[in-house]
4 protein chains.
Amino acid sequence: MKTEKTITGEVDPDVLDYTVGDDPVLDRALVLWDCLGTAAHVTMLSEMPVEPPVVTKDEAAKVRAALAAVVRDPSFEVREQDQDVHMAVETRLTEELGDLGRKIHTGRSRNDQVAVDVRLHIKDELLGLEGEVCDLAGALVAFGRAHDRVPLVGRTHLQPAMPSSVGVWATGHAEMILDQLENLEAAYRINDLCPLGSAAGYGVPLPLDRQRTSDLLGFARPLHNVFGASMARGEDEAALLSALAQTMAALSRLAEDMILFSMPEFAYFKLPRAYCTGSSIMPQKYNPDVLELVRSKTAQVLGLQTAALSLLHAMPGGYNRDLQDCKGLYMKGLSITRATLRILAKMVAGMEVDEAALKAGFIPGVFATDAALRQVAAGVPWRTAYHDVRDHLERLSSEDPDAAVAAKTHMGATAGLDYGLYDGRIAAAREAARARRAALLKCIAELLPNESQEM
Amino acid sequence: MKTEKTITGEVDPDVLDYTVGDDPVLDRALVLWDCLGTAAHVTMLSEMPVEPPVVTKDEAAKVRAALAAVVRDPSFEVREQDQDVHMAVETRLTEELGDLGRKIHTGRSRNDQVAVDVRLHIKDELLGLEGEVCDLAGALVAFGRAHDRVPLVGRTHLQPAMPSSVGVWATGHAEMILDQLENLEAAYRINDLCPLGSAAGYGVPLPLDRQRTSDLLGFARPLHNVFGASMARGEDEAALLSALAQTMAALSRLAEDMILFSMPEFAYFKLPRAYCTGSSIMPQKYNPDVLELVRSKTAQVLGLQTAALSLLHAMPGGYNRDLQDCKGLYMKGLSITRATLRILAKMVAGMEVDEAALKAGFIPGVFATDAALRQVAAGVPWRTAYHDVRDHLERLSSEDPDAAVAAKTHMGATAGLDYGLYDGRIAAAREAARARRAALLKCIAELLPNESQEM
Amino acid sequence: MKTEKTITGEVDPDVLDYTVGDDPVLDRALVLWDCLGTAAHVTMLSEMPVEPPVVTKDEAAKVRAALAAVVRDPSFEVREQDQDVHMAVETRLTEELGDLGRKIHTGRSRNDQVAVDVRLHIKDELLGLEGEVCDLAGALVAFGRAHDRVPLVGRTHLQPAMPSSVGVWATGHAEMILDQLENLEAAYRINDLCPLGSAAGYGVPLPLDRQRTSDLLGFARPLHNVFGASMARGEDEAALLSALAQTMAALSRLAEDMILFSMPEFAYFKLPRAYCTGSSIMPQKYNPDVLELVRSKTAQVLGLQTAALSLLHAMPGGYNRDLQDCKGLYMKGLSITRATLRILAKMVAGMEVDEAALKAGFIPGVFATDAALRQVAAGVPWRTAYHDVRDHLERLSSEDPDAAVAAKTHMGATAGLDYGLYDGRIAAAREAARARRAALLKCIAELLPNESQEM
Amino acid sequence: MKTEKTITGEVDPDVLDYTVGDDPVLDRALVLWDCLGTAAHVTMLSEMPVEPPVVTKDEAAKVRAALAAVVRDPSFEVREQDQDVHMAVETRLTEELGDLGRKIHTGRSRNDQVAVDVRLHIKDELLGLEGEVCDLAGALVAFGRAHDRVPLVGRTHLQPAMPSSVGVWATGHAEMILDQLENLEAAYRINDLCPLGSAAGYGVPLPLDRQRTSDLLGFARPLHNVFGASMARGEDEAALLSALAQTMAALSRLAEDMILFSMPEFAYFKLPRAYCTGSSIMPQKYNPDVLELVRSKTAQVLGLQTAALSLLHAMPGGYNRDLQDCKGLYMKGLSITRATLRILAKMVAGMEVDEAALKAGFIPGVFATDAALRQVAAGVPWRTAYHDVRDHLERLSSEDPDAAVAAKTHMGATAGLDYGLYDGRIAAAREAARARRAALLKCIAELLPNESQEM
């Protein structure tokens with residue numbers, strides 16, 4: 001049997017295909033983070049109180065410079081025989097720095113490395129994603145503000161229910177999407193713990209300073225237990241995918257409303273033409289394909305999360321290779337969710353409102369609750385008023401939708417929206433992400449000199 | 001066709017079966033919370049600046065007393081014709097208080113009510129569950145402390161890998177489980193927002209004071225937008241189920257390790273006999289059924305969460321009846337997860353350690369990394385030392401496991417565990433849950449007099 | 001620690017709760033099948049060529065009579081201390097028949113028994129379910145026939161697309177639902193293999209005649225390998241749940257169309273009033289709750305299937321207790337799917353058609369493809385005609401929907417439906433199920449005398 | 001806003017990215033099938049009884065020849081502006097054949113085309129996959145035969161249970177995997193129905209002969225209803241993914257056993273070294289990464305199926321763009337499952353058996369059931385014998401595993417395996433797949449002359 005040589009031994013070429021999989025492609029996204037992790041690790045090694053030092057401070061500086069060069073080198077790539085980014089970087093450094101390159105892996109394992117790479121990558125991506133959440137929420141808030149009190153038939157069970165408004169519709173979706181920041185924040189915090197120094201999950205007989213690498217990389221704190229650190233792999237990615245799956249669920253509900261309300265039978269909203277696609281057989285069609293794909297991509301992200309959690313199900317303690325497949329799952333989930341947020345923000349920004357069509361939807365039944373509440377205002381008990389209206393639906397007549405919209409003044413209702421509250425939440429979320437990104441850039445600037453400005 | 005009369009109209013009996021489903025059973029868990037929500041709502045109604053008042057302050061007090069009596073009444077039940085707890089309570093209050101009972105639903109819908117009931121119930125359950133997380137983590141920490149430096153072969157890919165210890169194993173699992181508190185906290189915060197006053201999702205032309213009911217019920221703040229509040233239903237339960245699914249994944253990994261390490265081929269741990277079950281055909285068997293069921297129940301909770309997110313997928317805005325089915329999903333998820341935490345805590349507490357069996361597992365290969373690191377200590381570059389050991393595996397010999405365990409002194413390694421850190425995290429989590437529960441009990445005591453002491 | 005005595009040993013009461021779970025309730029559905037399996041097993045034992053015989057032919061007859069009595073006894077129940085139906089039946093027989101009762105488990109394990117019980121139960125339920133598929137498909141075909149050429153706007157992307165008809169809509173859904181019979185048939189065939197005689201998955205040193213018990217119970221053939229038979233548990237239930245999940249997906253699409261087309265903005269169909277439910281706040285509402293619950297129950301069945309497959313994921317060979325939880329999953333999946341089929345059949349049967357509303361939906365764009373095809377008929381290449389129509393959409397005008405419906409005469413189009421084909425498929429499916437049920441009843445009549453007529 | 005021109009209109013470039021997605025890559029797998037479908041469609045158009053003919057028979061022959069050339073052209077590719085394979089082929093034919101190229105889409109839509117392409121592709125892939133199922137089952141049967149009566153401790157709950165053998169272990173897994181052919185067959189049959197001629201799901205006013213295209217393409221029969229045909233899209237891919245998810249579940253159980261039994265604590269089996277991979281930190285490691293990845297890929301395929309079914313959940317009737325995303329899901333599921341089958345077959349073929357280690361596992365308890373059955377042979381009732389052995393476990397002693405293996409002679413037990421039965425099933429499955437493939441190749445040879453030999 002022909003076998004293929006890798007840095008860790010010889011294997012059947014089919015095995016390489018099956019085990020390496022998409023890693024050379026996926027790992028492109030990790031080059032910066034892998035170099036950053038290695039820079040921190042080597043810096044810490046150079047400070048470790050052992051004689052002779054594993055690497056000297058000068059050597060550490062050389063390694064950091066070589067890592068910075070890798071990050072800057074657009075032609076750097078991970079080849080199948082490298083298996084992954086870690087071996088690709090070690091090979092490059094060994095070519096350039098000889099024995100010094102052979103030292104950088106001291107006291108580490110690849111599990112250790114990929115765990116830290118993934119967390120750094122997820123943190124960075126989450127900051128970008130949170131900005132996109134703000135962009136979409138901001139587009140919805142702007143849309144709501146622009147058409148604040150335009151009447152819209154509120155529905156339950158998809159049936160006309162009560163008077164509502166475009167403002168309530170748009171900021172309701174904005175609020176639901178902003179609330180996803182809570183889930184995303186949990187994913188961020190779970191990923192903000194540093195696994196580095198767990199080696200293969202059991203530590204090493206070297207005085208590694210795990211607090212130091214955690215600090216150098218800007219993590220909130222190290223994962224304490226080395227075995228726990230290795231088991232936390234997978235959990236971090238599952239936490240991210242859970243937050244993404246929930247976020248996508250919220251987005252799919254917005255998309256569904258936009259699909260429904262832009263059907264000609266409603267015509268409440270007109271989607272921007274450039275965001276619709278045609279048919280190869282029906283020349284007249286402008287279809288909301290983008291919005292339909294938001295639905296299907298929501299199902300896809302749910303599938304990715306199901307895969308991640310099923311993968312973790314009953315996995316024995318310690319690193320198991322299954323975990324490698326979490327990487328592709330979370331990366332796909334991130335790219336889908338971010339693309340969806342971006343395209344929805346553009347579509348909302350370009351959507352038009354047809355006020356006449358919106359008002360035409362106000363059939364008499366929509367005013368039934370208001371009619372019952374007028375009886376309540378006159379002292380009739382609610383349930384009695386309810387039954388009276390129910391038994392005489394024929395008495396209901398069309399009322400003025402604008403007046404109905406103006407009459408609901410309590411918090412969060414058609415005439416009780418506080419747009420400033422949304423502006424404030426969005427601004428605060430942006431500021432928090434900005435501050436975190438600045439801290440991350442500072443770490444990069446310190447560990448990989450000359451790189452920070454080019455991110 | 002024979003139809004059946006309900007408070008909201010006549011329907012086919014099959015429809016009642018299909019739509020009411022398990023509600024009469026499930027809603028038993030909501031009686032307290034439904035009464036609490038109604039007490040807050042009626043209190044707020046009595047303070048509302050309208051003339052004539054919808055209910056007077058005296059009437060509100062009567063309603064609160066009647067609600068307190070419902071909560072105290074062990075014979076109170078939800079019948080199928082009531083459909084749900086909300087109608088059951090309204091019917092009871094109407095029987096007792098006449099027209100006053102007919103007034104309590106003023107400015108509310110059942111969607112509104114169930115949304116607030118579910119959130120109160122989830123918050124309360126989460127506090128209990130967090131205590132159980134602490135109990136299990138505490139049992140693991142105690143187990144680790146009791147057998148701290150007992151050597152255990154650390155594994156990766158299930159193969160013997162490096163020296164580890166029972167202390168590292170036990171606190172590693174404890175840490176992974178404690179880290180689930182981050183996910184559970186996100187679920188708590190998402191459920192700590194008050195939807196009350198959204199009516200059917202579109203508000204009402206009454207000056208409801210939504211901040212007031214939110215405060216009376218002890219929520220962090222109201223959901224602002226009324227439409228958003230109605231859409232947040234389902235999201236709250238999905239957030240809980242996501243946290244539960246992740247928690248169960250962590251528990252299933254602990255269970256898997258316990259199953260493996262109690263097999264006679266390892267015999268590292270001995271499970272408490274009273275937690276094992278027998279076979280109807282094999283008289284000699286003591287099986288770890290409980291641990292196997294932890295695995296299957298992990299799969300079940302994943303299924304519940306998949307169901308919840310698939311249910312939300314592309315659901316149109318506004319209340320849709322689909323959401324009702326979230327209730328059974330989250331309740332089942334909670335009861336499974338809590339029972340699992342409780343039984344695992346007991347099993348860990350009763351587990352014995354076989355030190356001889358643990359040491360017998362230390363085959364020479366386990367010391368390979370340490371051997372390579374000794375070369376590193378002598379100045380050999382890591383990768384060179386690694387290849388040297390790899391090429392001469394026959395040179396490896398059994399070493400002293402105790403010495404190997406004592407040699408790894410860095411943070412979180414076999415000789416670097418900080419038990420106080422775990423004690424501190426557990427104590428802090430318990431205190432936080434205690435304070436939240438006290439606040440909730442205070443709300444109950446104020447809104448449902450004489451009830452708080454009986455919870 | 002207080003322990004509780006069971007037939008297989010003493011366990012902690014919490015363990016009994018956790019491990020027995022809902023079995024006493026779920027196992028009610030298995031009483032008949034468990035008695036049937038035992039009757040076959042004991043009959044085979046009595047024919048086994050060993051001296052002395054394990055049981056004599058007379059004893060076997062006594063056991064069969066006692067089992068028939070259990071099946072007839074409405075007060076027979078499974079108590080928690082019995083753990084499951086198998087022990088409940090053995091205990092009962094031992095009370096009645098003394099040592100003879102103690103013999104019935106010879107050469108069997110409970111895994112063996114439950115595997116055969118579940119397969120018999122699933123086969124029986126599938127026959128009922130297939131009848132319900134036929135009922136719903138029949139209702140749709142009848143609805144289509146009654147309104148065959150009533151024009152309906154065909155949609156893609158939910159946008160008006162081309163002329164279609166109520167007949168095409170209804171029989172299209174009927175066909176999609178009938179095609180599920182292919183999936184259900186695979187589930188039936190997978191469950192039509194007999195596991196009995198695998199003991200605990202490794203056989204016994206007794207000359208069991210496994211072909212004989214398979215034949216007595218009416219299975220297509222035995223599972224050959226005893227270890228394979230034990231591993232097939234779970235696979236059988238997963239196969240069923242896969243078929244159910246796909247069936248529910250098809251039903252949810254029908255429900256979604258019915259929800260949309262009964263909205264007042266379309267008003268194509270009017271749902272039977274007795275199948276709609278009201279609102280506690282909006283007196284005018286008649287909501288399609290049943291159809292919404294079809295959607296959510298589709299998500300639930302998907303969750304059940306996800307749970308089953310996640311449970312099987314990487315389970316080691318041989319019986320593991322995880323498999324017990326498959327039982328609740330498949331039973332819930334069956335009862336949901338069957339109830340959904342039944343209620344949808346009733347709703348379709350009671351649905352009315354508003355022809356005027358249907359025709360009102362024919363906006364000019366619906367005729368665009370037909371306009372392009374008229375150019376094709378005159379010799380213009382398709383893509384050229386398509387672009388010509390696309391560039392001059394303003395030229396399109398309303399045409400006669402009836403004429404458009406009459407013009408599409410090819411197979412399966414508006415004027416090309418073959419209702420007889422659907423009638424034939426439904427009749428064939430009913431006949432196949434009837435024949436299978438008759439064979440099953442014959443087995444019951446032979447093994448449990450006097451019982452067949454009472455099923 | 002800059003827009004981009006496509007054959008069906010101008011769209012925003014982001015929309016093209018979002019909607020086209022991976023189609024240019026995925027559609028490479030469909031080129032042959034798309035050309036085949038078009039060849040059948042155009043052949044049928046040329047036979048359609050209209051004057052003037054849409055295309056003449058000579059023109060149809062030219063189109064077929066041009067399509068055959070596309071299939072032969074290795075440089076043919078789908079570019080992003082083509083959006084998909086259908087437009088890429090039409091564009092190419094229009095470049096080559098002018099107006100004739102513009103005619104090939106007459107009476108078709110892309111939904112129609114992709115539906116037929118996907119089904120042809122799935123059928124072809126399933127035939128290959130079934131061959132791979134046979135290869136793996138064959139490897140297991142060969143492994144079993146080679147080590148037929150080598151004793152192996154049978155386990156339940158992972159605990160030693162009863163005497164078993166390598167033959168039973170290997171053919172048990174083989175049987176479970178072969179039984180997946182039932183699921184795969186259902187997927188084949190569901191995909192063996194021809195959707196062509198449904199146009200966009202509503203037919204066309206042209207006398208299309210849908211039976212003819214179905215026959216030309218070798219389908220079992222056409223889907224009758226045109227709307228049903230469009231809705232069947234998605235269902236077909238979900239059926240495939242269900243079968244794949246179940247097949248992977250079976251494979252993951254085999255992988256789990258191989259992982260466990262090759263651990264040094266068991267050492268029953270030795271995995272082929274070239275199929276194991278090393279560690280970057282532990283020089284001594286040979287890890288079963290491939291088998292671990294079988295587990296994780298099982299979770300991935302479950303996720304893909306969950307995604308597909310969630311995507312279908314409550315989708316309105318008629319084509320919706322969501323369905324496009326099913327394509328990537330099923331293709332990924334197929335390639336994962338096929339690669340897994342292939343690599344497992346190789347690993348099983350290279351696996352070695354350590355007979356001494358296998359026998360060393362026979363602790364006395366393994367013989368408990370046999371001891372009780374010896375009492376039964378002497379006339380003691382089973383349950384009495386069971387309790388007697390249970391109460392005196394200390395009396396059990398080690399027995400001869402070979403004798404125990406020889407003593408279980410009934411069907412499918414250690415001494416009752418019928419290897420010929422497995423050989424026969426495998427041979428029959430291979431022959432069935434071969435015959436189907438021959439029929440498919442014949443269709444290709446007839447519709448795309450000169451192509452069949454080059455597949």
# chains A, B, ... in the order shown; residues from 1 in each chain; ligands from 1
call {"tool": "residues_around", "arguments": {"residues": "stretch 93-110 of chain A", "least_positions_apart": "6", "cutoff": "6 Å", "atoms": "only C-alpha atoms", "output": "PDB file with C-alpha atoms, in the first residue's frame"}}
result
ATOM      1  CA  ALA A 199      -1.166  20.971  25.716  1.00  0.00           C
ATOM      2  CA  ALA A 200      -3.089  17.913  24.587  1.00  0.00           C
TER       3      ALA A 200
ATOM      4  CA  PRO B 381      14.518  21.693  19.793  1.00  0.00           C
ATOM      5  CA  TRP B 382      11.032  20.286  20.365  1.00  0.00           C
ATOM      6  CA  ARG B 383      10.397  18.833  16.927  1.00  0.00           C
TER       7      ARG B 383
ATOM      8  CA  SER D 280       2.030  16.642  17.079  1.00  0.00           C
ATOM      9  CA  ILE D 281       2.911  16.409  20.763  1.00  0.00           C
TER      10      ILE D 281
END
call {"tool": "interface_residues", "arguments": {"of": "chain C", "to": "chain A", "cutoff": "6 Å", "atoms": "only C-alpha atoms", "output": "count of residues only"}}
result
8
call {"tool": "residues_around", "arguments": {"residues": "B:Cys194", "least_positions_apart": "3", "cutoff": "6 Å", "atoms": "only C-alpha atoms", "output": "PyMOL selection string"}}
result
chain B and resi 214+219+222-223
call {"tool": "residues_around", "arguments": {"residues": "stretch 233-247 of chain D", "least_positions_apart": "5", "cutoff": "8 Å", "atoms": "only C-alpha atoms", "output": "PyMOL selection string"}}
result
(chain C and resi 183+235+238-239+242+246+309) or (chain D and resi 115+119+122+177+180+183-184+186-188+190-191+298+301-302+304-305+308-309+312+323+326-327+330+333-334+337)
call {"tool": "write_last_selection", "arguments": {"atoms": "N, CA, C and O atoms", "output": "CSV table (one decimal), in the first residue's frame"}}
result
chain,number,residue,atom,x,y,z
C,183,ASN,N,-42.3,5.9,1.5
C,183,ASN,CA,-41.5,6.0,2.7
C,183,ASN,C,-42.1,5.1,3.8
C,183,ASN,O,-41.3,4.4,4.5
C,235,GLU,N,-32.9,1.3,15.0
C,235,GLU,CA,-33.0,1.5,13.5
C,235,GLU,C,-34.4,1.4,13.0
C,235,GLU,O,-34.8,2.1,12.1
C,238,ALA,N,-36.2,4.5,14.1
C,238,ALA,CA,-35.7,5.6,13.4
C,238,ALA,C,-36.3,5.6,12.0
C,238,ALA,O,-36.6,6.7,11.4
C,239,ALA,N,-36.4,4.4,11.4
C,239,ALA,CA,-36.9,4.3,10.0
C,239,ALA,C,-38.4,4.8,10.0
C,239,ALA,O,-38.8,5.5,9.1
C,242,SER,N,-38.4,8.6,10.4
C,242,SER,CA,-38.1,9.2,9.2
C,242,SER,C,-39.3,9.3,8.2
C,242,SER,O,-39.5,10.4,7.6
C,246,GLN,N,-41.2,12.9,7.2
C,246,GLN,CA,-41.4,13.3,5.8
C,246,GLN,C,-42.9,13.4,5.5
C,246,GLN,O,-43.3,14.3,4.7
C,309,LEU,N,-32.2,9.7,15.8
C,309,LEU,CA,-30.9,9.5,15.1
C,309,LEU,C,-29.7,10.0,15.9
C,309,LEU,O,-28.7,9.4,15.8
D,115,ALA,N,-35.3,19.8,-11.3
D,115,ALA,CA,-35.9,18.6,-10.6
D,115,ALA,C,-35.5,17.3,-11.3
D,115,ALA,O,-35.3,16.3,-10.7
D,119,ARG,N,-32.9,14.3,-9.9
D,119,ARG,CA,-33.4,12.9,-9.7
D,119,ARG,C,-32.5,11.9,-10.5
D,119,ARG,O,-32.1,10.8,-10.0
D,122,ILE,N,-29.2,11.7,-8.5
D,122,ILE,CA,-29.4,10.9,-7.3
D,122,ILE,C,-29.5,9.4,-7.6
D,122,ILE,O,-28.9,8.5,-7.0
D,177,ILE,N,-25.9,-3.1,8.1
D,177,ILE,CA,-25.6,-2.2,7.0
D,177,ILE,C,-26.4,-2.6,5.8
D,177,ILE,O,-26.9,-1.8,5.0
D,180,GLN,N,-29.8,-1.4,5.5
D,180,GLN,CA,-30.0,0.0,5.0
D,180,GLN,C,-30.4,0.0,3.5
D,180,GLN,O,-30.9,1.1,3.1
D,183,ASN,N,-33.9,1.2,3.1
D,183,ASN,CA,-34.1,2.7,3.1
D,183,ASN,C,-33.6,3.3,1.8
D,183,ASN,O,-34.2,4.2,1.3
D,184,LEU,N,-32.5,2.8,1.3
D,184,LEU,CA,-31.9,3.4,0.1
D,184,LEU,C,-32.8,3.1,-1.1
D,184,LEU,O,-33.0,3.9,-2.0
D,186,ALA,N,-36.1,2.8,-1.0
D,186,ALA,CA,-37.2,3.8,-0.9
D,186,ALA,C,-36.8,5.1,-1.5
D,186,ALA,O,-37.5,5.7,-2.3
D,187,ALA,N,-35.6,5.5,-1.2
D,187,ALA,CA,-35.1,6.8,-1.7
D,187,ALA,C,-35.0,6.7,-3.3
D,187,ALA,O,-35.3,7.6,-4.0
D,188,TYR,N,-34.5,5.5,-3.7
D,188,TYR,CA,-34.4,5.3,-5.2
D,188,TYR,C,-35.7,5.4,-5.8
D,188,TYR,O,-35.9,6.1,-6.8
D,190,ILE,N,-38.5,6.8,-4.8
D,190,ILE,CA,-39.1,8.2,-4.8
D,190,ILE,C,-38.4,9.1,-5.8
D,190,ILE,O,-39.0,9.9,-6.4
D,191,ASN,N,-37.1,8.8,-6.1
D,191,ASN,CA,-36.4,9.6,-7.1
D,191,ASN,C,-36.6,9.0,-8.5
D,191,ASN,O,-36.1,9.6,-9.5
D,298,THR,N,-21.3,11.4,10.7
D,298,THR,CA,-22.7,10.9,11.0
D,298,THR,C,-23.5,12.1,11.5
D,298,THR,O,-24.7,12.3,11.1
D,301,VAL,N,-24.3,14.5,8.6
D,301,VAL,CA,-25.4,14.0,7.7
D,301,VAL,C,-26.7,14.2,8.4
D,301,VAL,O,-27.7,14.6,7.8
D,302,LEU,N,-26.8,13.9,9.7
D,302,LEU,CA,-28.0,14.1,10.5
D,302,LEU,C,-28.4,15.6,10.4
D,302,LEU,O,-29.5,16.0,10.1
D,304,LEU,N,-27.6,17.7,8.0
D,304,LEU,CA,-28.1,18.0,6.6
D,304,LEU,C,-29.5,17.6,6.4
D,304,LEU,O,-30.3,18.3,5.8
D,305,GLN,N,-29.9,16.4,7.0
D,305,GLN,CA,-31.2,16.0,6.9
D,305,GLN,C,-32.2,16.9,7.7
D,305,GLN,O,-33.3,17.2,7.2
D,308,ALA,N,-32.8,19.8,5.7
D,308,ALA,CA,-33.7,19.6,4.5
D,308,ALA,C,-35.2,19.6,5.0
D,308,ALA,O,-36.0,20.2,4.4
D,309,LEU,N,-35.4,18.9,6.1
D,309,LEU,CA,-36.8,18.8,6.6
D,309,LEU,C,-37.3,20.1,7.2
D,309,LEU,O,-38.4,20.4,7.0
D,312,LEU,N,-38.3,22.3,4.4
D,312,LEU,CA,-39.6,21.9,3.8
D,312,LEU,C,-40.8,22.3,4.7
D,312,LEU,O,-41.9,22.4,4.2
D,323,LEU,N,-35.9,25.8,-2.1
D,323,LEU,CA,-35.6,24.4,-2.6
D,323,LEU,C,-34.2,24.3,-3.2
D,323,LEU,O,-33.6,23.3,-3.2
D,326,CYS,N,-31.6,22.7,-1.1
D,326,CYS,CA,-31.6,21.3,-0.9
D,326,CYS,C,-30.5,20.6,-1.7
D,326,CYS,O,-30.0,19.6,-1.4
D,327,LYS,N,-30.1,21.3,-2.8
D,327,LYS,CA,-29.1,20.7,-3.7
D,327,LYS,C,-27.8,20.5,-3.0
D,327,LYS,O,-27.2,19.4,-3.1
D,330,TYR,N,-28.0,17.7,-0.3
D,330,TYR,CA,-28.0,16.3,-0.7
D,330,TYR,C,-26.7,15.9,-1.2
D,330,TYR,O,-26.2,14.8,-1.0
D,333,GLY,N,-24.3,15.3,1.6
D,333,GLY,CA,-24.7,14.0,2.2
D,333,GLY,C,-24.2,12.8,1.4
D,333,GLY,O,-23.6,11.9,2.0
D,334,LEU,N,-24.3,12.9,0.1
D,334,LEU,CA,-23.9,11.8,-0.7
D,334,LEU,C,-22.4,11.6,-0.6
D,334,LEU,O,-21.9,10.5,-0.5
D,337,THR,N,-21.2,10.2,2.7
D,337,THR,CA,-21.6,8.8,3.0
D,337,THR,C,-20.8,7.9,2.1
D,337,THR,O,-20.3,6.8,2.6
call {"tool": "select_by_dssp", "arguments": {"residues": "stretch 58-137 of chain A", "states": "helix (DSSP H, G or I)", "output": "VMD selection string"}}
result
chain A and resid 58 to 72 80 to 82 85 to 97 99 to 103 110 to 137
call {"tool": "residues_around", "arguments": {"residues": "D:Trp33", "least_positions_apart": "6", "cutoff": "7 Å", "atoms": "only C-alpha atoms", "output": "ChimeraX atom specification"}}
result
/D:117,120-121
call {"tool": "atom_distance", "arguments": {"atom1": "atom CA of B:Asp322", "atom2": "atom CA of B:Gln81"}}
result
20.0 Å
call {"tool": "residues_around", "arguments": {"residues": "stretch 15-21 of chain B", "least_positions_apart": "2", "cutoff": "9 Å", "atoms": "only C-alpha atoms", "output": "list of chain:residue names"}}
result
B:Glu4, B:Val11, B:Asp12, B:Pro13, B:Asp23, B:Pro24, B:Val25, B:Glu80, B:Gln81, B:Gln83, B:Asp84, B:Arg321, B:Gln324, C:Ala274, C:Tyr275, C:Cys276, C:Thr277, C:Asp289, C:Val290, C:Leu293, C:Ala339, C:Thr340, C:Ile343
call {"tool": "residues_around", "arguments": {"residues": "D:Glu355", "least_positions_apart": "3", "cutoff": "10 Å", "atoms": "only C-alpha atoms", "output": "PDB file with C-alpha atoms, in the first residue's frame"}}
result
ATOM      1  CA  HIS D 147     -12.284 -15.386  12.248  1.00  0.00           C
ATOM      2  CA  VAL D 150     -12.936 -16.793  17.529  1.00  0.00           C
ATOM      3  CA  PRO D 151     -14.546 -16.090  20.897  1.00  0.00           C
ATOM      4  CA  LEU D 152     -15.451 -12.483  21.711  1.00  0.00           C
ATOM      5  CA  VAL D 166     -15.900 -12.407  15.921  1.00  0.00           C
ATOM      6  CA  ALA D 267      -6.650  -4.978  22.012  1.00  0.00           C
ATOM      7  CA  TYR D 268      -9.145  -7.324  20.333  1.00  0.00           C
ATOM      8  CA  PHE D 269      -8.575  -5.737  16.956  1.00  0.00           C
ATOM      9  CA  GLU D 352      -6.138  -7.847  12.462  1.00  0.00           C
ATOM     10  CA  LEU D 358     -10.169 -11.743  22.887  1.00  0.00           C
ATOM     11  CA  LYS D 359     -10.152 -14.821  25.073  1.00  0.00           C
ATOM     12  CA  ALA D 360      -8.667 -12.944  28.003  1.00  0.00           C
TER      13      ALA D 360
END
call {"tool": "atom_distance", "arguments": {"atom1": "atom CA of D:Ala357", "atom2": "atom CA of D:Glu399"}}
result
15.9 Å
